[in-house]
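Chemist: Here you go, one structure.
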Amino acid sequence: MTNLNIKIEELIESKAPDFQIAKEVRSEIKQYLSLLDESFKNSSGKDFLVKHTKKIDGFIKIIYKFLLRKHFGSYLPMTNYIPITIIALGSYGREQLCVYSDIDIMLLYDEVPGFNIRPILEEFVLLAWDSGLKLGSRVHSIDDIEHEVKSDVTIKTSILESRLIYGSKHLWYQFEYKLMNIRKFEQKEFVLEKLAEHKTRLLKYPLCMQPNIKDGYGGMREANMVYWMANITFGVTNSKHLCGIIFTEEEFREFVIAIEYIFRVRSALHLISKKKVDIVTFDNLPELSRWLGYRDTTRYVKERQCMARILKSLHTIHAFSAIMTKKITRRYLANLDEISNLKKKRIAKNLYYDDNNKIYTSFNNKPKKLNAFLKELISLPHDVKSFDPSYVYYSSQTILPLKLNEVPKSLIVTILEKENLYPIIKLLYNSSLLIQLIPTLKMIINQPQFDGYHTHPVDVHSMKTLYHIQNIKDPFLQIMYKKLNKQQKLILRLASFFHDVGKGRGKDHHVVGQNLFKKFAKSLNLDENTTNTASILIRYHNMMSKVATTEDIYSQNTILAFTGLIKTQENLELLYLLTYADICSVDDKLYKSSTASLLKELYLQSMPAFDNKELLKISSRRVAKENTIKKHKLYLESTRLMKKKILHIESNQMYLKYKAEDIIKIAIRAKDTNNWDYTISNKDRLAIKITRAVPLNLGYLLGKMQFLNIVSMGIYKLFDDKKFFEISFDSKVDEEEIPFIEDIIKHSFDMTKEITLKKPIISRNEIIIDCNHTEELAIMKINTKDQKGLFSYIAKMFDEFGVEINSAKIQSLRGKAKDLFLISKNGHFCDNKNKILDLLTKQ
């Protein structure tokens with residue numbers, strides 16, 4: 001700064017214009033920023049931010065001093081007697097300013113007639129921006145500040161974190177007095193609004209594999225909640241002052257370590273990106289982990305080590321903030337009527353149960369020994385939904401034995417047997433007791449998942465799976481779950497919670513998880529049936545999803561291979577339920593109608609295999625469906641000719657896939673179709689059904705529709721050379737788009753229409769062809785990089801060869817396309833498969 005001050009003095013002497021001053025300051029700031037990478041390596045989290053804050057203070061002082069010299073010349077009064085004070089706000093006020101964050105300041109002034117204040121303030125803001133300082137500035141008169149701030153929670157919050165940068169200390173002391181009044185004004189209203197705002201923020205940015213370390217779960221704003229509430233309630237200017245009053249030295253030390261690490265992560269993100277970035281993404285994580293000093297080891301890559309530490313820190317901050325914020329603000333949340341009602345629902349000493357099925361206790365409740373605490377958990381009402389932070393804190397203080405093997409295994413078994421297990425598991429997790437009771441889970445705690453599919457770390461994903469098993473929304477599965485007996489529900493809960501327990505150990509987590517669970521079950525003396533059944537579910541927990549979305553589920557070989565692994569009908573039903581919960585735990589919206597229908601169809605196709613494998617034969621299943629059709633009212637009301645046409649539909653796949661009533665309706669509609677007919681459904685997702693008696697330009701249709709993602713397509717030969725097409729997409733469209741889609745369908749019956757499609761990049765080893773899939777069908781599987789227009793291109797090429805697609809299944813996951821085509825054996829595909837392969841793979 002000394003050299004800059006000298007240069008500024010020289011410029012002032014030469015009466016240089018403002019832009020030259022700004023240019024000199026900007027040059028110094030640029031040089032300073034270029035040295036921060038090296039400075040970061042030698043500083044801790046908060047220390048780096050404090051040094052950066054002080055450096056910015058210096059630049060602001062230089063700009064302000066220059067303006068005073070400019071306006072007052074040789075008659076410059078002492079700074080205390082100029083009625084202007086520059087005050088840092090927000091993270092800048094807390095001395096936590098990150099490199100590319102906005103610099104929030106307040107220009108406080110007193111309207112004194114003898115000073116021409118306004119031009120100085122205006123020029124200061126302009127000169128600061130011209131110098132490269134990204135200011136977020138507020139200008140307030142000392143007379144108006146109290147009134148203006150009281151009405152706005154956001155401004156009040158930033159004002160609470162005020163810090164004097166430079167200017168009149170007389171004005172600063174007046175402001176501090178007013179700040180005391182601001183702090184005391186409508187304290188309860190401020191607290192309630194901040195709590196509501198915080199809750200909304202956590203719902204918007206929950207914990208995930210790409211966490212927002214500023215606004216999200218366990219982020220800096222959540223850490224700030226403790227300070228804001230402490231400042232409003234107790235008037236403290238540093239949370240540390242509450243050690244021994246609200247929290248212990250050890251609790252605060254763990255919190256500080258965690259927030260220090262998040263400070264360091266955020267600083268690294270800013271320096272890497274050269275801009276304001278607060279989200280750790282899969283793209284910046286490799287560089288971030290290198291900046292933070294991680295190196296690949298034989299067991300873990302640096303990204304895994306870095307993310308695990310981030311997740312651990314976020315958990316620590318969240319746990320501390322949630323508990324201590326509640327502890328500080330409970331005086332504002334208390335309602336005499338609610339307290340009176342709660343006391344009436346006392347279920348034990350210092351234990352209360354409210355109308356929302358939440359358990360409360362006193363923050364002063366003395367902790368119990370582990371065995372006594374577990375017995376208390378077991379005794380709680382069966383319909384508990386959640387636990388207040390007061391009970392979470394109380395459980396975290398549980399006194400652990402010197403040797404955990406002294407805990408009676410029967411207590412752990414009894415807890416696992418509770419039908420409402422999820423809230424208990426979440427409580428044990430939040431109070432850090434879970435891995436003390438079940439050490440088998442140690443490796444999945446804070447275990448990242450970088451597969452591009454899972455959105456949560458393994459521990460959170462496992463708990464969410466357990467939650468969804470206990471909160472099934474699919475009507476078909478609700479009925480199935482209610483029919484389960486007590487032991488089957490226990491097996492399902494165990495499999496749901498332990499299904500990913502094998503992750504993080506460097507081997508196939510399905511096999512490792514199965515073995516780990518068997519050892520755990522044996523240590524608890526669980527019965528053989530429970531152990532074996534849960535082990536099978538863990539071993540094959542994603543098999544049903546894989547088969548449903550990537551295999552021909554109408555193939556006898558596919559069904560026999562699948563059911564051969566599952567072994568029993570009971571296991572199939574339990575696996576179906578587990579698959580539902582596993583998918584929903586990734587994202588509630590992921591279990592879409594298309595996924596649900598595929599899983600249900602696989603379940604229905606698999607059921608006969610447990611009674612009689614002969615029933616899996618296509619001929620047997622067709623005969624069974626024909627017998628059902630013959631009894632249907634619509635069939636009985638049809639003419640003799642119509643009945644004959646229904647039973648002579650060429651496509652066996654239609655008989656396997658559709659219900660009897662649907663087959664009859666499709667046939668009746670086809671009989672009356674002379675050229676073509678179509679229907680469009682757009683309820684949950686877009687589906688197009690086309691019946692045609694004249695040729696359909698399929699390649700053109702799919703090419704024009706490639707702005708949407710296709711998930712499945714079926715093509716079925718009916719009778720009289722007519723065909724039925726059903727094309728399903730992964731989402732619905734806006735209603736105003738329907739006329740556009742109708743035009744595409746109509747133009748698709750013009751066989752002269754052509755469309756140019758970009759050739760996808762596919763390797764030969766990414767294509768599998770089996771011309772002996774069934775007597776009637778060949779199969780082609782493609783597993784390649786997901787590319788726009790991939791399916792459309794293949795369909796267009798098949799059109800050119802005269803290849804008839806019987807049905808297709810399209811899946812895009814983790815940047816990979818897994819497409820399956822069932823193709824009619826009409827001589828055009830298998831005879832030309834080498835030519836087709838060459839055209840698909842040669843660039």
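By convention here, the chains of the structure tokens are called A, B, ... in the order presented, each chain's residues are numbered starting at 1, and ligands are numbered starting at 1 in the order presented.
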Name the residues in contact with segment 387-401 of chain A at a cut-off of 7 Å, using only C-alpha atoms, excluding same-chain residues fewer than 3 positions from it; report them as a short mmCIF file (atom, residue, chain, number, x, y, z; two decimals) with N, CA, C and O atoms, in the first residue's frame.
Modeler:
```cif
data_model
loop_
_atom_site.label_atom_id
_atom_site.label_comp_id
_atom_site.auth_asym_id
_atom_site.auth_seq_id
_atom_site.Cartn_x
_atom_site.Cartn_y
_atom_site.Cartn_z
N ALA A 322 -28.69 -25.86 13.94
CA ALA A 322 -30.10 -26.21 14.18
C ALA A 322 -30.40 -26.27 15.67
O ALA A 322 -31.42 -25.74 16.15
N ILE A 323 -29.51 -26.92 16.40
CA ILE A 323 -29.73 -27.09 17.84
C ILE A 323 -29.57 -25.77 18.58
O ILE A 323 -30.43 -25.39 19.39
N LYS A 326 -32.28 -23.13 17.89
CA LYS A 326 -33.51 -23.44 18.64
C LYS A 326 -33.33 -23.11 20.12
O LYS A 326 -34.25 -22.58 20.76
N LYS A 358 -44.47 -35.15 17.21
CA LYS A 358 -43.07 -34.77 17.44
C LYS A 358 -42.73 -34.91 18.92
O LYS A 358 -43.54 -34.56 19.77
N ILE A 359 -41.52 -35.42 19.19
CA ILE A 359 -41.06 -35.61 20.55
C ILE A 359 -40.22 -34.41 20.99
O ILE A 359 -39.32 -33.97 20.27
N TYR A 360 -40.52 -33.89 22.20
CA TYR A 360 -39.79 -32.77 22.78
C TYR A 360 -39.19 -33.18 24.12
O TYR A 360 -39.67 -34.11 24.77
N THR A 361 -38.18 -32.43 24.52
CA THR A 361 -37.67 -32.55 25.88
C THR A 361 -37.08 -31.21 26.28
O THR A 361 -37.10 -30.25 25.49
N SER A 362 -36.54 -31.12 27.47
CA SER A 362 -35.90 -29.89 27.91
C SER A 362 -34.43 -29.91 27.50
O SER A 362 -33.79 -30.97 27.52
N PHE A 363 -33.90 -28.75 27.14
CA PHE A 363 -32.47 -28.67 26.83
C PHE A 363 -31.63 -28.96 28.08
O PHE A 363 -30.44 -29.23 27.97
N ASN A 365 -32.41 -31.42 30.16
CA ASN A 365 -32.64 -32.81 30.54
C ASN A 365 -31.31 -33.54 30.67
O ASN A 365 -30.46 -33.48 29.78
N PRO A 367 -28.56 -36.29 30.45
CA PRO A 367 -28.39 -37.44 29.54
C PRO A 367 -28.39 -38.77 30.27
O PRO A 367 -28.01 -38.84 31.45
N LYS A 368 -28.84 -39.80 29.56
CA LYS A 368 -28.88 -41.15 30.13
C LYS A 368 -27.72 -41.98 29.60
O LYS A 368 -27.08 -41.64 28.60
N LYS A 369 -27.48 -43.09 30.25
CA LYS A 369 -26.53 -44.06 29.71
C LYS A 369 -27.16 -44.71 28.48
O LYS A 369 -28.38 -44.73 28.34
N LEU A 370 -26.33 -45.25 27.61
CA LEU A 370 -26.79 -45.73 26.31
C LEU A 370 -27.91 -46.76 26.43
O LEU A 370 -28.93 -46.66 25.73
N LEU A 404 -18.46 -50.78 23.48
CA LEU A 404 -19.80 -50.80 22.88
C LEU A 404 -20.38 -52.20 22.80
O LEU A 404 -21.59 -52.37 22.65
N LEU A 427 -32.85 -39.87 13.85
CA LEU A 427 -32.44 -39.31 15.15
C LEU A 427 -31.05 -39.81 15.53
O LEU A 427 -30.18 -39.01 15.91
N ASN A 430 -28.48 -38.10 13.32
CA ASN A 430 -28.26 -36.69 13.63
C ASN A 430 -27.54 -36.50 14.97
O ASN A 430 -26.88 -35.47 15.18
N SER A 431 -27.66 -37.45 15.86
CA SER A 431 -27.01 -37.34 17.17
C SER A 431 -25.70 -38.13 17.23
O SER A 431 -25.15 -38.34 18.31
N SER A 432 -25.22 -38.59 16.05
CA SER A 432 -23.93 -39.30 15.93
C SER A 432 -23.88 -40.60 16.73
O SER A 432 -22.80 -41.03 17.14
#
```
Chemist: Within 8 Å of Lys302 of chain A, counting only C-alpha atoms, which residues show up once you throw out same-chain ones fewer than 6 positions away? Write them as a VMD selection string, please.
Modeler: chain A and resid 286 289 to 290 294 to 296
Chemist: What lies within 12 Å of His52 of chain A using only C-alpha atoms, ignoring chain neighbours under 3 positions off, as an MDAnalysis selection string?
Modeler: chainID A and resid 29 32:33 35:36 39:40 43 45:49 55:59 91:92 95:101 103 267
Chemist: Take the residues that were just selected and, keeping N, CA, C and O atoms, output them as a compact mmCIF listing (two decimals), in the first residue's frame.
Modeler:
```
# COMPACT_ATOMS: atom_id res chain seq x y z
N ILE A 29 -4.96 -3.24 -7.46
CA ILE A 29 -5.89 -4.32 -7.09
C ILE A 29 -5.65 -5.55 -7.95
O ILE A 29 -5.64 -6.69 -7.46
N TYR A 32 -2.59 -7.26 -6.79
CA TYR A 32 -2.88 -7.95 -5.52
C TYR A 32 -3.62 -9.27 -5.75
O TYR A 32 -3.27 -10.31 -5.19
N LEU A 33 -4.63 -9.24 -6.63
CA LEU A 33 -5.41 -10.45 -6.91
C LEU A 33 -4.54 -11.53 -7.55
O LEU A 33 -4.75 -12.72 -7.33
N LEU A 35 -1.62 -12.27 -6.83
CA LEU A 35 -0.76 -12.90 -5.82
C LEU A 35 -1.54 -13.74 -4.81
O LEU A 35 -0.94 -14.39 -3.94
N LEU A 36 -2.87 -13.74 -4.93
CA LEU A 36 -3.69 -14.43 -3.94
C LEU A 36 -3.54 -15.94 -3.98
O LEU A 36 -3.70 -16.61 -2.97
N SER A 39 -0.81 -16.71 -1.72
CA SER A 39 -1.21 -16.35 -0.35
C SER A 39 -2.15 -17.40 0.24
O SER A 39 -2.08 -17.72 1.43
N PHE A 40 -3.03 -17.95 -0.62
CA PHE A 40 -4.00 -18.95 -0.17
C PHE A 40 -3.30 -20.19 0.40
O PHE A 40 -3.74 -20.76 1.40
N SER A 43 -2.28 -19.75 4.16
CA SER A 43 -3.25 -19.22 5.12
C SER A 43 -4.32 -20.25 5.43
O SER A 43 -4.64 -21.11 4.60
N GLY A 45 -8.44 -20.95 6.71
CA GLY A 45 -9.71 -20.48 6.15
C GLY A 45 -10.06 -19.06 6.53
O GLY A 45 -10.11 -18.15 5.70
N LYS A 46 -10.26 -18.80 7.83
CA LYS A 46 -10.67 -17.47 8.28
C LYS A 46 -9.52 -16.47 8.16
O LYS A 46 -9.73 -15.30 7.82
N ASP A 47 -8.30 -16.92 8.41
CA ASP A 47 -7.15 -16.04 8.34
C ASP A 47 -7.01 -15.42 6.95
O ASP A 47 -6.74 -14.22 6.80
N PHE A 48 -7.23 -16.24 5.91
CA PHE A 48 -7.15 -15.75 4.53
C PHE A 48 -8.21 -14.68 4.29
O PHE A 48 -7.94 -13.64 3.67
N LEU A 49 -9.43 -14.91 4.79
CA LEU A 49 -10.53 -13.96 4.58
C LEU A 49 -10.29 -12.66 5.34
O LEU A 49 -10.59 -11.58 4.84
N LYS A 55 -7.16 -5.88 3.38
CA LYS A 55 -6.60 -5.32 2.15
C LYS A 55 -7.63 -4.45 1.43
O LYS A 55 -7.31 -3.35 0.95
N ILE A 56 -8.87 -4.93 1.38
CA ILE A 56 -9.94 -4.15 0.75
C ILE A 56 -10.21 -2.89 1.56
O ILE A 56 -10.46 -1.81 0.99
N ASP A 57 -10.14 -3.01 2.89
CA ASP A 57 -10.26 -1.81 3.75
C ASP A 57 -9.25 -0.75 3.30
O ASP A 57 -9.57 0.44 3.21
N GLY A 58 -8.03 -1.21 3.04
CA GLY A 58 -6.97 -0.28 2.65
C GLY A 58 -7.28 0.45 1.35
O GLY A 58 -7.07 1.68 1.25
N PHE A 59 -7.78 -0.26 0.36
CA PHE A 59 -8.13 0.38 -0.91
C PHE A 59 -9.26 1.39 -0.73
O PHE A 59 -9.24 2.47 -1.33
N SER A 91 -20.93 -10.11 5.08
CA SER A 91 -19.71 -10.91 5.23
C SER A 91 -18.48 -10.01 5.33
O SER A 91 -17.50 -10.35 5.99
N TYR A 92 -18.55 -8.84 4.70
CA TYR A 92 -17.45 -7.89 4.80
C TYR A 92 -17.35 -7.36 6.23
O TYR A 92 -16.25 -7.21 6.78
N GLU A 95 -15.72 -9.76 8.55
CA GLU A 95 -14.34 -10.06 8.13
C GLU A 95 -14.25 -11.46 7.52
O GLU A 95 -13.31 -12.21 7.74
N GLN A 96 -15.30 -11.79 6.73
CA GLN A 96 -15.35 -13.07 6.03
C GLN A 96 -15.52 -12.84 4.52
O GLN A 96 -16.06 -13.68 3.82
N LEU A 97 -15.02 -11.71 4.04
CA LEU A 97 -15.20 -11.36 2.64
C LEU A 97 -14.39 -12.29 1.75
O LEU A 97 -13.18 -12.42 1.89
N CYS A 98 -15.09 -12.96 0.81
CA CYS A 98 -14.40 -13.83 -0.13
C CYS A 98 -13.95 -13.01 -1.34
O CYS A 98 -14.46 -11.90 -1.59
N VAL A 99 -13.03 -13.56 -2.10
CA VAL A 99 -12.30 -12.79 -3.11
C VAL A 99 -13.20 -12.09 -4.12
O VAL A 99 -13.01 -10.91 -4.43
N TYR A 100 -14.19 -12.81 -4.65
CA TYR A 100 -15.03 -12.21 -5.70
C TYR A 100 -16.46 -11.93 -5.23
O TYR A 100 -17.36 -11.78 -6.03
N SER A 101 -16.63 -11.85 -3.91
CA SER A 101 -17.95 -11.51 -3.36
C SER A 101 -18.18 -10.01 -3.46
O SER A 101 -17.22 -9.22 -3.56
N ILE A 103 -18.78 -6.35 -2.22
CA ILE A 103 -18.25 -5.62 -1.06
C ILE A 103 -19.36 -4.72 -0.54
O ILE A 103 -19.61 -3.64 -1.09
N SER A 267 -13.09 -20.00 -0.63
CA SER A 267 -12.00 -19.18 -1.16
C SER A 267 -11.35 -19.86 -2.36
O SER A 267 -11.06 -19.22 -3.37
```
Chemist: Neighbours of Glu161 of chain A within 10 Å (only C-alpha atoms; same-chain residues fewer than 3 positions away dropped), as a ChimeraX atom specification?
Modeler: /A:87-95,156-158,227-228,231,237
Chemist: Just N, CA and C atoms for this one: save the residues we selected as a PDB file, in the first residue's frame.
Modeler:
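Output file selection24.pdb is given in full below:
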```
ATOM      1  N   ILE A  87     -18.894   2.129   6.638  1.00  0.00           N
ATOM      2  CA  ILE A  87     -19.158   0.959   7.491  1.00  0.00           C
ATOM      3  C   ILE A  87     -19.281  -0.291   6.627  1.00  0.00           C
ATOM      4  N   ALA A  88     -18.602  -1.344   7.034  1.00  0.00           N
ATOM      5  CA  ALA A  88     -18.691  -2.641   6.337  1.00  0.00           C
ATOM      6  C   ALA A  88     -19.917  -3.394   6.821  1.00  0.00           C
ATOM      7  N   LEU A  89     -20.607  -4.080   5.906  1.00  0.00           N
ATOM      8  CA  LEU A  89     -21.818  -4.831   6.237  1.00  0.00           C
ATOM      9  C   LEU A  89     -21.663  -6.289   5.783  1.00  0.00           C
ATOM     10  N   GLY A  90     -22.569  -7.137   6.256  1.00  0.00           N
ATOM     11  CA  GLY A  90     -22.617  -8.529   5.805  1.00  0.00           C
ATOM     12  C   GLY A  90     -21.315  -9.273   6.050  1.00  0.00           C
ATOM     13  N   SER A  91     -20.934 -10.110   5.078  1.00  0.00           N
ATOM     14  CA  SER A  91     -19.712 -10.906   5.232  1.00  0.00           C
ATOM     15  C   SER A  91     -18.485 -10.008   5.331  1.00  0.00           C
ATOM     16  N   TYR A  92     -18.552  -8.844   4.698  1.00  0.00           N
ATOM     17  CA  TYR A  92     -17.454  -7.885   4.798  1.00  0.00           C
ATOM     18  C   TYR A  92     -17.351  -7.361   6.229  1.00  0.00           C
ATOM     19  N   GLY A  93     -18.503  -7.119   6.829  1.00  0.00           N
ATOM     20  CA  GLY A  93     -18.524  -6.677   8.221  1.00  0.00           C
ATOM     21  C   GLY A  93     -18.029  -7.750   9.179  1.00  0.00           C
ATOM     22  N   ARG A  94     -18.272  -9.000   8.846  1.00  0.00           N
ATOM     23  CA  ARG A  94     -17.828 -10.117   9.698  1.00  0.00           C
ATOM     24  C   ARG A  94     -16.361 -10.454   9.464  1.00  0.00           C
ATOM     25  N   GLU A  95     -15.719  -9.762   8.546  1.00  0.00           N
ATOM     26  CA  GLU A  95     -14.341 -10.060   8.135  1.00  0.00           C
ATOM     27  C   GLU A  95     -14.252 -11.458   7.523  1.00  0.00           C
ATOM     28  N   LYS A 156     -31.798  -5.046   8.070  1.00  0.00           N
ATOM     29  CA  LYS A 156     -31.523  -5.172   9.507  1.00  0.00           C
ATOM     30  C   LYS A 156     -30.474  -6.243   9.759  1.00  0.00           C
ATOM     31  N   THR A 157     -30.565  -7.353   9.015  1.00  0.00           N
ATOM     32  CA  THR A 157     -29.601  -8.442   9.180  1.00  0.00           C
ATOM     33  C   THR A 157     -28.192  -7.978   8.855  1.00  0.00           C
ATOM     34  N   SER A 158     -28.043  -7.269   7.731  1.00  0.00           N
ATOM     35  CA  SER A 158     -26.709  -6.813   7.339  1.00  0.00           C
ATOM     36  C   SER A 158     -26.177  -5.750   8.296  1.00  0.00           C
ATOM     37  N   TYR A 227     -25.124 -16.588  14.938  1.00  0.00           N
ATOM     38  CA  TYR A 227     -24.690 -15.233  15.301  1.00  0.00           C
ATOM     39  C   TYR A 227     -25.860 -14.259  15.296  1.00  0.00           C
ATOM     40  N   TRP A 228     -26.679 -14.300  14.244  1.00  0.00           N
ATOM     41  CA  TRP A 228     -27.809 -13.370  14.163  1.00  0.00           C
ATOM     42  C   TRP A 228     -28.740 -13.503  15.361  1.00  0.00           C
ATOM     43  N   ASN A 231     -26.980 -12.308  18.539  1.00  0.00           N
ATOM     44  CA  ASN A 231     -26.854 -10.855  18.570  1.00  0.00           C
ATOM     45  C   ASN A 231     -28.177 -10.200  18.954  1.00  0.00           C
ATOM     46  N   THR A 237     -21.376  -9.715  20.164  1.00  0.00           N
ATOM     47  CA  THR A 237     -20.802  -9.402  18.857  1.00  0.00           C
ATOM     48  C   THR A 237     -19.938 -10.548  18.342  1.00  0.00           C
TER      49      THR A 237
END
```
Chemist: Considering only C-alpha atoms, return as a list in words whatever protein or nucleic-acid residues lie within 12 Å of Ser619 of chain A, sequence-local ones (same chain, fewer than 6 positions apart) excluded.
Modeler: Tyr554, Ser555, Gln556, Lys625, Glu626, Ser651, Asn652, Gln653, Tyr655, Leu656, Thr774, Glu775 and Glu776 of chain A
Chemist: Give the strand (DSSP E) residues of segment 328-395 of chain A, as DSSP finds them on the backbone, and put them as a list in words.
Modeler: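 So, restricting segment 328-395 of chain A to strand (DSSP E), we get Arg346, Ile347, Ala348, Leu351, Tyr352, Tyr353, Lys358, Ile359, Tyr360, Thr361, Ser386 and Phe387 of chain A.
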Chemist: Keeping C-alpha atoms for every residue in the selection just given, could you write it to a file as a PDB file, in the first residue's frame?
Modeler:
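Contents of part27.pdb, as written:
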```
ATOM      1  CA  ARG A 346     -46.272 -35.627  28.892  1.00  0.00           C
ATOM      2  CA  ILE A 347     -45.350 -39.279  28.306  1.00  0.00           C
ATOM      3  CA  ALA A 348     -42.493 -39.475  30.801  1.00  0.00           C
ATOM      4  CA  LEU A 351     -40.599 -36.079  27.646  1.00  0.00           C
ATOM      5  CA  TYR A 352     -43.475 -34.611  25.636  1.00  0.00           C
ATOM      6  CA  TYR A 353     -45.417 -35.611  22.521  1.00  0.00           C
ATOM      7  CA  LYS A 358     -43.065 -34.771  17.438  1.00  0.00           C
ATOM      8  CA  ILE A 359     -41.056 -35.612  20.553  1.00  0.00           C
ATOM      9  CA  TYR A 360     -39.788 -32.770  22.776  1.00  0.00           C
ATOM     10  CA  THR A 361     -37.671 -32.548  25.884  1.00  0.00           C
ATOM     11  CA  SER A 386     -39.945 -36.416  14.108  1.00  0.00           C
ATOM     12  CA  PHE A 387     -37.842 -35.146  17.002  1.00  0.00           C
TER      13      PHE A 387
END
```
Chemist: Using only C-alpha atoms, determine which residues lie at most 12 Å from Ser545 of chain A, disregarding the query and same-chain residues fewer than 3 positions distant; provide the list as a ChimeraX atom specification.
Modeler: /A:540-542,548-551,553,562,575-583,591,594-603,811
Chemist: If you count only C-alpha atoms, which residues fall within 9 Å of Thr233 of chain A, apart from same-chain ones fewer than 5 positions away, as a ChimeraX atom specification?
Modeler: /A:183-184,187,228,328-329
Chemist: From the options A:Ala268, A:Ile810, A:Ile618, A:Ala534, which residue's atoms come nearest to Ser712 of chain A, counting only C-alpha atoms?
Modeler: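 Between A:Ala268, A:Ile810, A:Ile618, A:Ala534, the residue approaching Ser712 of chain A most closely is A:Ile810.
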Chemist: What are the DSSP alpha helix (DSSP H) residues of segment 591-840 of chain A, as a PyMOL selection string?
Modeler: chain A and resi 593-606+618-630+633-636+640-647+652-657+660-671+698-704+738-747+790-801+833-840
Chemist: Calculated over only C-alpha atoms, which of the candidates A:Gly73, A:Gly235, A:Gly136, A:Pro423 has the smallest distance to Met180 of chain A?
Modeler: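 Of all the options, A:Gly235 lies closest to Met180 of chain A.
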Chemist: One decimal, in Å: what's the spacing between atom CA of Leu202 of chain A and atom CA of Tyr217 of chain A?
Modeler: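 We find that atom CA of Leu202 of chain A and atom CA of Tyr217 of chain A lie 5.7 Å from each other.
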Chemist: With only C-alpha atoms as the basis for distance, which of A:Gly827, A:Pro608, A:Pro17, A:Pro457 is at the shortest distance from Met443 of chain A?
Modeler: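 Counting only C-alpha atoms, the residue closest to Met443 of chain A is A:Pro457.
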Chemist: Can you measure atom CA of Asn357 of chain A to atom CA of Val384 of chain A for me? One decimal in Å is fine.
Modeler: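 Atom-to-atom, atom CA of Asn357 of chain A and atom CA of Val384 of chain A are spaced 5.0 Å apart.
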Chemist: Please tabulate, as a tab-separated table, the residues of segment 435-496 of chain A that come within 10 Å of segment 303-310 of chain A, each with its closest pair of atoms and the distance in Å to one decimal, counting only C-alpha atoms and ordering rows by chain, then residue number upward.
Modeler:
```
residue	atom	partner	partner_atom	distance
A:Ile445	CA	A:Ala308	CA	8.5
A:Asn446	CA	A:Ala308	CA	5.2
A:Gln447	CA	A:Ala308	CA	6.0
A:Pro448	CA	A:Ala308	CA	6.3
A:Gln449	CA	A:Arg304	CA	8.5
A:Phe450	CA	A:Arg304	CA	8.6
A:Pro457	CA	A:Ala308	CA	8.9
```
Chemist: Would you save the residues from that selection as a JSON list (two decimals), in the first residue's frame, using N, CA and C atoms?
Modeler:
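Dumped everything to again-v8.json:
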```json
[["chain", "number", "residue", "atom", "x", "y", "z"],
["A", 445, "ILE", "N", -20.86, -43.44, 5.84],
["A", 445, "ILE", "CA", -21.09, -42.11, 6.40],
["A", 445, "ILE", "C", -20.27, -41.09, 5.62],
["A", 446, "ASN", "N", -20.94, -40.07, 5.10],
["A", 446, "ASN", "CA", -20.30, -39.02, 4.27],
["A", 446, "ASN", "C", -19.62, -39.60, 3.04],
["A", 447, "GLN", "N", -20.13, -40.74, 2.54],
["A", 447, "GLN", "CA", -19.55, -41.38, 1.36],
["A", 447, "GLN", "C", -20.14, -40.75, 0.10],
["A", 448, "PRO", "N", -19.33, -40.04, -0.70],
["A", 448, "PRO", "CA", -19.85, -39.40, -1.92],
["A", 448, "PRO", "C", -20.22, -40.44, -2.98],
["A", 449, "GLN", "N", -21.06, -40.02, -3.91],
["A", 449, "GLN", "CA", -21.41, -40.84, -5.07],
["A", 449, "GLN", "C", -21.27, -39.99, -6.33],
["A", 450, "PHE", "N", -20.32, -40.36, -7.18],
["A", 450, "PHE", "CA", -20.00, -39.56, -8.36],
["A", 450, "PHE", "C", -20.50, -40.20, -9.65],
["A", 457, "PRO", "N", -25.24, -38.27, -0.87],
["A", 457, "PRO", "CA", -24.23, -39.22, -0.41],
["A", 457, "PRO", "C", -24.90, -40.50, 0.06]]
```
Chemist: In Å, how far is it from atom CA of Leu164 of chain A to atom CA of Ile317 of chain A?
Modeler: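 Computed distance, atom CA of Leu164 of chain A to atom CA of Ile317 of chain A, equals 28.2 Å.
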